[in-house]
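To be precise, the following lines are upload.cif, and they hold mmCIF, C-alpha atoms.
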data_model
loop_
_atom_site.label_atom_id
_atom_site.label_comp_id
_atom_site.auth_asym_id
_atom_site.auth_seq_id
_atom_site.Cartn_x
_atom_site.Cartn_y
_atom_site.Cartn_z
CA MET A 58 -18.73 54.91 49.49
CA HIS A 59 -20.38 52.55 46.99
CA TYR A 60 -18.26 49.69 45.64
CA GLN A 61 -18.22 49.38 41.85
CA PRO A 62 -16.79 46.14 40.44
CA VAL A 63 -16.38 47.77 37.03
CA VAL A 64 -14.88 51.19 36.35
CA ASP A 65 -15.21 52.33 32.75
CA GLN A 66 -11.82 53.29 31.34
CA ILE A 67 -12.48 55.62 28.44
CA SER A 68 -9.72 55.49 25.85
CA VAL A 69 -8.37 59.05 25.51
CA ARG A 70 -5.34 59.95 23.42
CA VAL A 71 -2.91 61.95 25.57
CA PRO A 72 -0.57 64.34 23.73
CA LEU A 73 3.06 64.51 24.75
CA ASP A 74 3.58 67.48 27.09
CA PRO A 75 6.95 69.15 27.82
CA LEU A 76 7.35 67.57 31.26
CA MET A 77 6.74 64.03 29.98
CA GLY A 78 8.94 64.79 26.99
CA MET A 79 11.82 65.68 29.30
CA PHE A 80 11.20 62.50 31.27
CA PHE A 81 11.35 60.37 28.10
CA VAL A 82 14.56 62.10 26.98
CA ALA A 83 16.15 61.54 30.39
CA LEU A 84 15.06 57.88 30.38
CA PHE A 85 16.55 57.43 26.90
CA ALA A 86 19.86 58.92 28.02
CA VAL A 87 20.02 56.89 31.23
CA THR A 88 19.24 53.67 29.35
CA ALA A 89 21.91 54.37 26.73
CA ILE A 90 24.54 55.15 29.39
CA LEU A 91 23.66 52.10 31.49
CA THR A 92 23.75 49.85 28.43
CA MET A 93 27.16 51.21 27.45
CA ARG A 94 28.39 50.33 30.92
CA ARG A 95 26.92 46.82 30.89
CA ALA A 96 24.66 45.43 28.18
CA SER A 97 22.58 43.57 30.75
CA TYR A 98 21.55 46.83 32.45
CA GLY A 99 19.65 48.04 29.41
CA LEU A 100 18.08 44.63 28.83
CA ALA A 101 17.01 44.36 32.48
CA LEU A 102 15.39 47.80 32.32
CA LEU A 103 13.56 46.81 29.14
CA LEU A 104 12.26 43.64 30.79
CA PHE A 105 11.05 45.66 33.77
CA VAL A 106 9.21 48.48 31.97
CA THR A 107 7.55 46.37 29.25
CA PRO A 108 4.08 46.14 30.90
CA PHE A 109 4.00 49.84 31.82
CA ALA A 110 3.40 52.00 28.78
CA LEU A 111 2.55 55.63 29.74
CA TYR A 112 1.16 56.17 26.24
CA ARG A 113 1.75 59.64 24.77
CA ASP A 114 0.94 60.81 21.24
CA ALA A 115 3.53 62.80 19.30
CA PHE A 116 4.64 63.19 15.67
CA GLY A 117 1.82 60.98 14.38
CA THR A 118 2.80 57.99 16.54
CA THR A 119 2.57 56.72 20.11
CA ILE A 120 5.55 57.03 22.44
CA THR A 121 5.79 54.57 25.33
CA LEU A 122 8.24 53.62 28.07
CA PRO A 123 9.33 50.38 26.33
CA LYS A 124 9.96 52.19 23.03
CA VAL A 125 12.11 54.84 24.73
CA VAL A 126 14.09 52.21 26.65
CA LEU A 127 14.47 50.12 23.49
CA LEU A 128 15.96 53.06 21.59
CA GLY A 129 18.32 53.78 24.48
CA ALA A 130 19.41 50.14 24.58
CA ILE A 131 20.08 50.15 20.83
CA VAL A 132 22.28 53.25 21.13
CA GLY A 133 24.12 51.68 24.04
CA LEU A 134 24.73 48.41 22.20
CA LEU A 135 26.14 50.27 19.19
CA GLY A 136 29.03 51.30 21.43
CA TYR A 137 30.31 47.72 21.68
CA ALA A 138 32.95 46.91 19.10
CA GLY A 139 32.24 43.67 17.31
CA ALA A 140 28.68 43.27 18.66
CA ILE A 141 27.48 42.89 15.08
CA ARG A 142 29.24 39.52 14.86
CA PHE A 143 26.56 37.91 17.01
CA LEU A 144 24.01 38.58 14.27
CA ARG A 145 25.81 36.05 12.08
CA GLU A 146 25.25 33.18 14.51
CA ARG A 147 22.99 30.35 13.40
CA GLU A 148 20.65 30.62 16.39
CA PHE A 149 19.98 34.24 15.52
CA ARG A 150 19.75 33.92 11.75
CA GLY A 151 16.94 31.39 11.56
CA ILE A 152 14.46 33.30 13.73
CA ALA A 153 15.57 36.69 12.36
CA ILE A 154 14.95 35.59 8.77
CA ALA A 155 11.48 34.31 9.74
CA LEU A 156 10.64 37.62 11.45
CA ALA A 157 11.97 39.59 8.46
CA ALA A 158 9.78 37.50 6.16
CA LEU A 159 6.81 38.24 8.40
CA CYS A 160 7.58 41.97 8.06
CA ALA A 161 7.86 41.71 4.29
CA VAL A 162 4.63 39.78 3.82
CA THR A 163 2.79 42.15 6.15
CA LEU A 164 3.90 45.08 4.01
CA LEU A 165 3.00 43.19 0.82
CA THR A 166 -0.64 43.03 1.88
CA ILE A 167 -0.88 46.75 1.10
CA VAL A 168 -1.55 45.62 -2.47
CA THR A 169 -5.08 44.48 -1.57
CA ALA A 170 -5.75 46.83 1.35
CA LEU A 171 -8.49 49.47 1.16
CA HIS A 172 -6.83 51.22 4.12
CA PRO A 173 -3.04 51.40 3.62
CA THR A 174 -2.20 53.23 6.85
CA PRO A 175 -3.00 50.24 9.13
CA VAL A 176 -0.77 48.07 6.92
CA LEU A 177 2.17 50.39 7.55
CA ARG A 178 1.40 50.39 11.28
CA GLU A 179 1.34 46.59 11.45
CA THR A 180 4.53 46.39 9.39
CA LEU A 181 6.31 48.70 11.82
CA LYS A 182 5.03 46.58 14.69
CA ALA A 183 6.47 43.44 13.07
CA LEU A 184 9.74 45.27 12.48
CA GLU A 185 9.83 46.27 16.14
CA HIS A 186 9.48 42.59 17.08
CA LEU A 187 12.54 41.80 14.96
CA ILE A 188 14.50 44.62 16.62
CA LEU A 189 13.46 43.47 20.11
CA PHE A 190 14.62 39.95 19.34
CA ALA A 191 17.96 41.26 18.05
CA VAL A 192 18.51 43.55 21.06
CA ALA A 193 17.79 40.76 23.56
CA TYR A 194 20.04 38.36 21.66
CA VAL A 195 23.02 40.70 21.32
CA ALA A 196 22.73 42.10 24.86
CA TYR A 197 22.70 38.64 26.40
CA ARG A 198 25.58 37.40 24.25
CA LEU A 199 27.60 40.41 25.38
CA ASP A 200 26.69 40.17 29.06
CA PRO A 201 24.78 37.08 30.31
CA ASN A 202 23.89 38.53 33.71
CA ASP A 203 21.23 35.98 34.68
CA THR A 204 20.69 37.16 38.25
CA LEU A 205 19.94 40.77 37.31
CA LEU A 206 17.66 39.82 34.41
CA LEU A 207 15.69 37.35 36.52
CA ARG A 208 15.23 39.88 39.32
CA ALA A 209 14.01 42.52 36.87
CA LEU A 210 11.49 40.08 35.39
CA CYS A 211 10.26 38.86 38.78
CA ALA A 212 9.83 42.43 40.08
CA SER A 213 7.91 43.47 36.97
CA VAL A 214 5.61 40.44 37.09
CA ALA A 215 4.93 40.93 40.80
CA LEU A 216 3.98 44.59 40.24
CA VAL A 217 1.70 43.67 37.33
CA ALA A 218 -0.03 40.98 39.38
CA LEU A 219 -0.46 43.30 42.38
CA SER A 220 -1.87 46.07 40.18
CA ALA A 221 -4.37 43.57 38.83
CA LEU A 222 -5.36 42.15 42.22
CA ALA A 223 -5.94 45.70 43.48
CA GLN A 224 -8.72 45.98 40.91
CA GLU A 225 -10.76 43.53 42.97
CA LEU A 226 -11.16 46.47 45.38
CA VAL A 227 -11.03 49.58 43.19
CA GLY A 228 -12.81 48.22 40.11
CA ALA A 229 -11.74 46.43 36.94
CA PRO A 230 -12.04 47.50 33.29
CA SER A 231 -14.38 44.62 32.39
CA ALA A 232 -16.50 41.96 34.04
CA LEU A 233 -18.70 38.94 33.62
CA VAL A 234 -22.32 38.76 34.74
CA LEU A 235 -23.54 35.95 36.98
CA GLY A 236 -27.27 36.40 37.52
CA ASP A 237 -27.64 39.81 39.10
CA THR A 238 -24.01 39.98 40.22
CA VAL A 239 -21.30 41.77 38.29
CA VAL A 240 -17.94 40.05 38.82
CA PRO A 241 -14.77 42.01 37.96
CA ARG A 242 -12.28 40.60 35.46
CA ILE A 243 -8.95 42.08 36.47
CA ALA A 244 -6.40 43.37 33.95
CA GLY A 245 -3.93 45.50 35.91
CA ALA A 246 -1.37 47.25 33.73
CA LEU A 247 -2.47 45.28 30.65
CA GLU A 248 -5.20 46.27 28.20
CA GLY A 249 -7.67 43.60 29.25
CA PRO A 250 -8.09 40.33 31.19
CA ASN A 251 -7.22 38.07 28.26
CA GLN A 252 -4.07 40.10 27.63
CA LEU A 253 -3.12 39.90 31.30
CA GLY A 254 -3.65 36.15 31.18
CA GLY A 255 -1.34 35.86 28.17
CA TYR A 256 1.35 37.96 29.87
CA LEU A 257 1.13 35.87 33.03
CA GLU A 258 1.41 32.55 31.19
CA LEU A 259 4.56 33.85 29.52
CA ALA A 260 5.88 35.01 32.90
CA ILE A 261 5.09 31.69 34.60
CA ALA A 262 6.97 29.83 31.86
CA ALA A 263 10.06 32.07 32.01
CA ILE A 264 10.29 32.41 35.80
CA GLY A 265 9.24 28.79 36.32
CA ALA A 266 12.16 27.53 34.24
CA TRP A 267 14.52 29.45 36.51
CA ALA A 268 12.70 28.32 39.67
CA MET A 269 13.46 24.72 38.73
CA GLU A 270 17.13 25.53 38.23
CA ARG A 271 17.67 28.17 40.92
CA PRO A 272 14.78 28.25 43.42
CA GLY A 273 14.37 31.41 45.48
CA LYS A 274 11.83 33.43 47.42
CA MET A 275 11.51 36.15 44.79
CA ALA A 276 10.73 33.69 42.02
CA ALA A 277 8.29 31.75 44.21
CA LEU A 278 6.43 34.92 45.21
CA SER A 279 6.19 36.08 41.59
CA LEU A 280 4.83 32.70 40.51
CA ALA A 281 2.25 32.67 43.31
CA LEU A 282 1.06 36.19 42.54
CA ALA A 283 0.91 35.40 38.82
CA GLY A 284 -1.13 32.25 39.44
CA CYS A 285 -3.55 34.07 41.73
CA ALA A 286 -4.10 36.96 39.33
CA ALA A 287 -4.46 34.65 36.33
CA VAL A 288 -7.46 32.89 37.88
CA LEU A 289 -9.27 36.16 38.54
CA THR A 290 -8.99 37.22 34.90
CA PHE A 291 -11.52 34.44 34.20
CA SER A 292 -9.74 33.94 30.89
CA ARG A 293 -10.31 30.42 29.62
CA GLY A 294 -7.55 30.81 27.02
CA ALA A 295 -5.09 31.82 29.74
CA ALA A 296 -6.09 28.82 31.85
CA VAL A 297 -5.25 26.52 28.95
CA GLY A 298 -2.03 28.44 28.21
CA ILE A 299 -0.79 28.23 31.80
CA ALA A 300 -1.62 24.52 31.90
CA VAL A 301 0.33 23.99 28.68
CA ALA A 302 3.32 25.95 30.02
CA LEU A 303 3.38 23.91 33.25
CA ILE A 304 3.03 20.64 31.32
CA VAL A 305 5.93 21.53 29.00
CA LEU A 306 8.13 22.44 31.97
CA GLY A 307 7.16 19.19 33.68
CA ILE A 308 7.93 17.06 30.64
CA VAL A 309 11.40 18.56 30.20
CA ARG A 310 12.39 18.71 33.90
CA ARG A 311 10.11 16.26 35.66
CA ASP A 312 12.40 15.79 38.65
CA ARG A 313 12.29 19.50 39.54
CA TRP A 314 8.77 20.43 38.45
CA TRP A 315 7.49 20.82 42.00
CA ARG A 316 9.71 23.92 42.39
CA VAL A 317 7.55 25.76 39.88
CA GLY A 318 4.36 23.80 40.39
CA ALA A 319 4.07 24.34 44.14
CA PRO A 320 4.08 28.17 44.24
CA THR A 321 2.07 28.50 41.03
CA LEU A 322 -0.61 26.05 42.15
CA ALA A 323 -0.70 27.70 45.57
CA GLY A 324 -1.42 31.03 43.89
CA ILE A 325 -4.01 29.41 41.64
CA GLY A 326 -5.63 27.92 44.74
CA ILE A 327 -5.85 31.33 46.43
CA GLY A 328 -7.26 32.87 43.28
CA GLY A 329 -9.70 29.98 43.04
CA CYS A 330 -10.96 30.77 46.54
CA GLY A 331 -11.59 34.35 45.41
CA ALA A 332 -13.47 33.11 42.35
CA ALA A 333 -15.49 30.74 44.54
CA ALA A 334 -16.40 33.64 46.83
CA TRP A 335 -17.81 35.51 43.84
CA GLY A 336 -19.70 32.37 42.86
CA PHE A 337 -21.30 32.05 46.29
CA ALA A 338 -22.20 35.74 46.26
CA ALA A 339 -23.88 35.33 42.88
CA HIS A 340 -25.39 31.91 43.71
CA SER A 341 -23.91 30.74 40.41
CA PHE A 342 -20.67 29.21 39.21
CA GLY A 343 -21.26 29.71 35.50
CA PHE A 344 -17.90 31.35 34.95
CA ALA A 345 -17.66 29.78 31.52
CA ARG A 346 -20.39 32.07 30.24
CA VAL A 347 -18.83 35.48 29.88
CA GLU A 348 -20.87 38.56 29.10
CA ALA A 349 -19.40 42.05 28.88
CA ALA A 350 -20.55 44.31 31.68
CA THR A 351 -19.15 47.37 29.95
CA ASP A 352 -18.64 48.41 26.37
CA TYR A 353 -16.44 51.45 26.91
CA SER A 354 -14.13 50.43 24.08
CA GLY A 355 -16.87 49.81 21.58
CA GLY A 356 -18.53 46.58 20.47
CA VAL A 357 -16.37 43.51 20.72
CA GLY A 358 -18.77 40.98 19.25
CA ASN A 359 -18.42 37.28 19.96
CA ARG A 360 -15.97 34.71 18.69
CA PRO A 361 -18.31 32.73 16.35
CA GLU A 362 -19.31 35.82 14.36
CA LEU A 363 -15.76 37.19 14.36
CA TRP A 364 -14.39 33.87 13.15
CA ARG A 365 -17.03 33.66 10.42
CA ALA A 366 -16.09 37.15 9.31
CA ALA A 367 -12.40 36.19 9.16
CA TRP A 368 -13.22 33.15 7.05
CA THR A 369 -15.39 35.27 4.75
CA PHE A 370 -12.52 37.69 4.14
CA PHE A 371 -10.11 34.82 3.51
CA ARG A 372 -12.40 33.20 0.95
CA ALA A 373 -12.80 36.51 -0.86
CA HIS A 374 -9.05 37.25 -0.86
CA PRO A 375 -7.22 33.92 -0.34
CA TRP A 376 -3.70 34.97 -1.34
CA LEU A 377 -3.00 38.33 0.30
CA GLY A 378 -6.12 38.87 2.39
CA ILE A 379 -7.74 42.27 2.89
CA GLY A 380 -4.62 44.00 4.21
CA ALA A 381 -2.89 43.94 7.59
CA GLY A 382 -4.79 45.95 10.20
CA ASN A 383 -7.89 46.18 7.97
CA TYR A 384 -9.98 43.47 9.62
CA GLN A 385 -11.61 45.67 12.26
CA LEU A 386 -12.35 48.36 9.68
CA GLU A 387 -14.10 46.02 7.25
CA LEU A 388 -16.34 43.97 9.55
CA GLY A 389 -19.45 45.60 8.14
CA ARG A 390 -18.69 44.00 4.77
CA ALA A 391 -18.92 40.59 6.45
CA GLY A 392 -22.29 41.39 8.04
CA VAL A 393 -20.93 42.20 11.51
CA PHE A 394 -22.20 45.68 12.37
CA GLY A 395 -21.45 47.90 15.35
CA VAL A 396 -18.28 45.93 16.13
CA ARG A 397 -14.67 47.07 15.84
CA THR A 398 -12.16 44.55 17.07
CA HIS A 399 -9.79 41.83 15.89
CA ALA A 400 -10.66 38.22 15.02
CA ASN A 401 -9.91 36.74 18.45
CA SER A 402 -7.55 34.26 16.80
CA TRP A 403 -4.00 34.90 15.61
CA TYR A 404 -4.30 32.35 12.84
CA LEU A 405 -7.69 33.48 11.52
CA GLN A 406 -6.49 37.08 11.72
CA ALA A 407 -3.51 36.14 9.54
CA LEU A 408 -5.74 34.37 7.01
CA ALA A 409 -8.19 37.26 6.86
CA GLU A 410 -5.65 40.08 6.61
CA GLY A 411 -2.82 38.38 4.72
CA GLY A 412 -4.28 35.25 3.19
CA ILE A 413 -2.15 32.19 2.57
CA ALA A 414 1.02 34.31 2.35
CA LEU A 415 0.76 35.82 5.85
CA PHE A 416 -0.53 32.58 7.35
CA ALA A 417 2.48 30.70 5.94
CA ALA A 418 4.87 33.39 7.22
CA THR A 419 3.27 33.15 10.68
CA LEU A 420 3.68 29.38 10.78
CA ALA A 421 7.28 29.71 9.53
CA PHE A 422 8.12 32.04 12.41
CA ILE A 423 6.54 29.68 14.96
CA ALA A 424 8.38 26.69 13.49
CA SER A 425 11.70 28.54 13.44
CA ALA A 426 11.37 29.69 17.05
CA ILE A 427 10.37 26.26 18.34
CA ALA A 428 13.08 24.48 16.34
CA THR A 429 15.78 26.82 17.67
CA LEU A 430 14.62 26.84 21.28
CA ARG A 431 14.18 23.08 21.61
CA ALA A 432 17.90 22.50 21.07
CA HIS A 433 19.74 21.67 24.31
CA LEU A 434 16.69 22.43 26.49
CA CYS A 435 17.97 20.48 29.46
CA ASP A 436 21.55 21.72 29.54
CA ALA A 437 21.22 25.30 28.23
CA ARG A 438 20.38 28.16 30.57
CA PRO A 439 16.75 28.19 31.70
CA TRP A 440 15.96 31.14 29.42
CA ALA A 441 15.75 28.66 26.55
CA LEU A 442 13.35 26.34 28.35
CA GLY A 443 11.23 29.26 29.56
CA ALA A 444 10.99 30.74 26.06
CA PHE A 445 10.17 27.32 24.61
CA ALA A 446 7.35 26.71 27.11
CA ALA A 447 6.04 30.26 26.68
CA THR A 448 6.04 29.93 22.89
CA ILE A 449 4.11 26.67 22.97
CA ALA A 450 1.61 28.10 25.48
CA LEU A 451 1.06 31.36 23.58
CA CYS A 452 0.68 29.57 20.25
CA VAL A 453 -2.01 27.34 21.75
CA HIS A 454 -3.73 30.25 23.51
CA GLN A 455 -3.80 32.33 20.35
CA THR A 456 -6.11 29.93 18.60
CA VAL A 457 -8.86 31.74 20.56
CA ASP A 458 -7.19 35.13 21.19
CA TYR A 459 -5.02 37.51 19.19
CA LEU A 460 -2.40 38.43 21.77
CA ILE A 461 0.63 39.40 19.71
CA PHE A 462 -1.46 42.34 18.46
CA TYR A 463 -0.69 43.95 21.85
CA GLN A 464 2.85 45.18 22.36
CA LYS A 465 2.70 44.30 26.05
CA ILE A 466 2.52 40.67 24.91
CA GLY A 467 4.62 40.84 21.76
CA THR A 468 7.49 42.70 23.45
CA PRO A 469 8.14 40.27 26.35
CA TRP A 470 7.63 37.32 24.01
CA MET A 471 10.29 38.55 21.56
CA LEU A 472 12.62 39.34 24.46
CA ALA A 473 12.09 35.83 25.85
CA ILE A 474 12.84 34.24 22.47
CA GLY A 475 15.94 36.41 22.08
CA LEU A 476 17.20 35.44 25.53
CA GLY A 477 16.49 31.77 24.88
CA ALA A 478 18.24 31.69 21.51
CA ALA A 479 21.23 33.61 22.90
CA ALA A 480 21.50 31.23 25.87
CA ILE A 481 21.62 28.25 23.52
CA SER A 482 24.18 29.94 21.28
CA GLY A 483 26.39 30.88 24.22
CA ARG A 484 26.34 27.38 25.68
CA THR A 485 26.99 25.75 22.30
CA ARG A 486 29.98 27.94 21.54
CA SER A 487 31.41 27.56 25.05
CA ARG A 488 31.36 23.81 24.63
CA HIS A 489 32.93 24.07 21.20
CA GLU A 490 35.75 26.27 22.53
CA SER A 491 36.29 23.90 25.47
CA ALA A 492 36.54 20.96 23.08
CA ILE A 493 39.16 22.78 20.99
CA ILE A 494 41.24 23.58 24.09
CA SER A 495 41.07 20.00 25.37
CA ASP A 496 42.05 18.61 21.95
CA SER A 497 45.06 20.92 21.76
#

I need this file expressed as structure tokens, please.
Amino acid sequence: MHYQPVVDQISVRVPLDPLMGMFFVALFAVTAILTMRRASYGLALLLFVTPFALYRDAFGTTITLPKVVLLGAIVGLLGYAGAIRFLREREFRGIAIALAALCAVTLLTIVTALHPTPVLRETLKALEHLILFAVAYVAYRLDPNDTLLLRALCASVALVALSALAQELVGAPSALVLGDTVVPRIAGALEGPNQLGGYLELAIAAIGAWAMERPGKMAALSLALAGCAAVLTFSRGAAVGIAVALIVLGIVRRDRWWRVGAPTLAGIGIGGCGAAAWGFAAHSFGFARVEAATDYSGGVGNRPELWRAAWTFFRAHPWLGIGAGNYQLELGRAGVFGVRTHANSWYLQALAEGGIALFAATLAFIASAIATLRAHLCDARPWALGAFAATIALCVHQTVDYLIFYQKIGTPWMLAIGLGAAAISGRTRSRHESAIISDS
């Protein structure tokens, strides 16, 4: 049997068949029932299934595991009397308004778009982010079951990392070329190595915050596996993002940083040994120079030409851009031919597709999330610190990658922000109620 470091994964749209349809319906019902029993059950299931999509096409859209579970969780939460009151809390309102503005501006770009359908798709994606944030916030305010949620997250991250590490043996979807040696870049359940790196930096931030507060074997193992897999993605953006996440955690909780640093750095060390083995095999350690060893998904270009194209579109349409989702369809107009991809930068993508309006809405969302999450970082539940570190890391990483485009990044990020904001709100109101009781 001949070992192949790269296995082309041809993108094929799979229609929804009756058997999978019955499975999705059953999953929806189970999620709704579990959420009605305890709100944390639905949220834990959503955290667990987020990286595993099982894409199926039906009714002009794509149905996935997270979408089915999200709908079930929404139905379950509607059964709680008075749950709507949490949506009036200050910690929810600020971020929700920013996300709603992002939705509105995304839809507004249809005015200048040559292709309106992608604008509607991106608007629905932004709306889904708002709904995810609201579901996580309300579910946690109803039932702050930290142990269950942390276990679900750790189990999911461990499975993702193991699925990625297995690709060292069975073949990865992409690679880099060192001399005559093709080195796999693992991705696991994610769409690509950069996306896996972004997911793992988010996971390290969220689990790491809990490891500092409540160390345990499950958290340590998840951090080690995440660190190991992250190295073997050979994603430079992810390396910076993970470093930023660890630095933020260390600045806030310096006295306990070793509880997250030790397992994560151990995993990074093991992954580094694997990378070094590939370097010795190739007689080269030029990992910084990445060349695609497969183009199964079409041309992906390179960052300088993609960034120039984004700037060209922005200069031509500075106020509303060329329309959300239109960048990859219009690259030929910017002199980039045979390429169909995004701008490899969240901020340049916003400028190109939505001009100053979408760029300002993007910055407003980032500012709102950071401002909310930084409140009471040390004494709120670790969800707030984890979401804060993850947000800083992802915002830095996305200067050179466009990660929120992928739902397997956007979904856990919105859930993390929702959990963090809800944790701060719960702690603030508990203190306020305690103060009223003591005064009386």

Original post:
Which one of A:Gly395, A:Ala381, A:Ser220, A:Ala428 sits closest to Thr174 of chain A if you count all atoms listed in the file?
Top reply: A:Ala381

Subject >> Hits from the PyMOL selection byres ((chain A and resi 385-391) around 9), listed as JSON, numbers by chain >> reply: {"A": [171, 172, 363, 365, 366, 367, 369, 370, 379, 382, 383, 384, 392, 393, 394, 395, 396, 397, 398, 399, 400]}

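Among A:Gly139, A:Leu303, A:Ser279, A:Leu289, the residue with the shortest atom-to-atom distance to Ile325 of chain A, counting all atoms listed in the file, is A:Leu289.
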
Original post:
Looking at all atoms listed in the file, which of A:Phe422, A:Phe143, A:Trp376, A:Phe105 is the one that sits closest to Leu205 of chain A?
Top reply: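 Using all atoms listed in the file, the shortest distance to Leu205 of chain A belongs to A:Phe105.
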
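Residues in contact range of Val239 of chain A, defined as at most 9 Å between all atoms listed in the file, with sequence neighbours fewer than 5 positions away removed, read Gln61, Pro62, Val63, Ala232, Leu233, Val234, Ala339 and Ala350 of chain A.
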
Subject >> Long-range neighbours of Trp403 of chain A as a VMD selection string, 7 Å cut-off, all atoms listed in the file, 6 positions minimum in chain >> reply: chain A and resid 455 to 456 458 to 459

Original post:
Which residues, written as JSON, numbers by chain, have at least one atom at most 10 Å from Leu434 of chain A, with all atoms listed in the file counted and residues fewer than 6 positions away on the same chain left out?
Top reply: {"A": [309, 310, 440, 441, 442, 443, 445, 477, 481]}

File dump, residues just selected, C-alpha atoms, as a compact mmCIF listing (two decimals), in the frame of the given file:
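Written output follows (selection-v2.txt):
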# COMPACT_ATOMS: atom_id res chain seq x y z
CA VAL A 309 11.40 18.56 30.20
CA ARG A 310 12.39 18.71 33.90
CA TRP A 440 15.96 31.14 29.42
CA ALA A 441 15.75 28.66 26.55
CA LEU A 442 13.35 26.34 28.35
CA GLY A 443 11.23 29.26 29.56
CA PHE A 445 10.17 27.32 24.61
CA GLY A 477 16.49 31.77 24.88
CA ILE A 481 21.62 28.25 23.52

**OP:** Return as a PyMOL selection string the set of residues that the PyMOL selection byres ((chain A and resi 126) around 7) yields on the displayed structure.
**Re:** chain A and resi 84-85+88+103+122-125+127-130

**OP:** Please provide the set of residues having any atom within 12 Å of Gly336 of chain A, restricted to only C-alpha atoms, with same-chain residues fewer than 3 positions apart removed, written as a PyMOL selection string.
**Re:** chain A and resi 233-241+289+329-333+339-345

**OP:** Check what the PyMOL selection byres ((chain A and resi 111) around 9) selects in the file above and give those residues as a ChimeraX atom specification.
**Re:** /A:109-110,112-113,120-122

**OP:** Tell me, in Å to one decimal, how far atom CA of Arg316 of chain A is from atom CA of Tyr256 of chain A.
**Re:** 20.6 Å

File for segment 267-316 of chain A (C-alpha atoms), as a short mmCIF file (atom, residue, chain, number, x, y, z; two decimals), in the first residue's frame:
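So the final result, stored in result_20.cif, reads:
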data_model
loop_
_atom_site.label_atom_id
_atom_site.label_comp_id
_atom_site.auth_asym_id
_atom_site.auth_seq_id
_atom_site.Cartn_x
_atom_site.Cartn_y
_atom_site.Cartn_z
CA TRP A 267 -11.28 26.93 32.71
CA ALA A 268 -8.04 24.98 33.21
CA MET A 269 -6.69 27.90 35.22
CA GLU A 270 -9.80 27.97 37.38
CA ARG A 271 -10.65 24.28 37.56
CA PRO A 272 -7.74 22.09 36.36
CA GLY A 273 -8.58 18.54 35.31
CA LYS A 274 -7.35 15.68 33.16
CA MET A 275 -9.97 16.17 30.45
CA ALA A 276 -9.11 19.82 29.97
CA ALA A 277 -5.37 19.12 30.00
CA LEU A 278 -5.71 16.35 27.41
CA SER A 279 -7.83 18.56 25.14
CA LEU A 280 -5.30 21.38 25.37
CA ALA A 281 -2.39 19.04 24.60
CA LEU A 282 -4.16 17.52 21.59
CA ALA A 283 -5.16 20.97 20.34
CA GLY A 284 -1.59 22.26 20.65
CA CYS A 285 -0.17 19.24 18.84
CA ALA A 286 -2.65 19.43 15.97
CA ALA A 287 -2.25 23.19 15.63
CA VAL A 288 1.47 22.87 14.89
CA LEU A 289 0.89 20.32 12.13
CA THR A 290 -1.52 22.63 10.31
CA PHE A 291 1.57 24.74 9.51
CA SER A 292 -0.70 27.77 9.74
CA ARG A 293 1.33 30.86 10.57
CA GLY A 294 -1.83 32.83 11.39
CA ALA A 295 -2.90 30.15 13.86
CA ALA A 296 0.54 30.19 15.49
CA VAL A 297 0.19 33.92 16.10
CA GLY A 298 -3.43 33.51 17.26
CA ILE A 299 -2.56 30.81 19.79
CA ALA A 300 0.34 32.88 21.07
CA VAL A 301 -1.98 35.87 21.49
CA ALA A 302 -4.58 33.75 23.32
CA LEU A 303 -1.96 32.38 25.73
CA ILE A 304 -0.51 35.85 26.32
CA VAL A 305 -3.95 37.30 27.11
CA LEU A 306 -4.68 34.47 29.55
CA GLY A 307 -1.28 34.99 31.16
CA ILE A 308 -1.75 38.73 31.56
CA VAL A 309 -5.14 38.33 33.26
CA ARG A 310 -4.30 35.31 35.45
CA ARG A 311 -0.52 35.26 35.69
CA ASP A 312 -0.44 33.22 38.90
CA ARG A 313 -2.31 30.30 37.30
CA TRP A 314 -1.07 30.48 33.72
CA TRP A 315 1.05 27.34 34.01
CA ARG A 316 -2.17 25.28 34.29
#
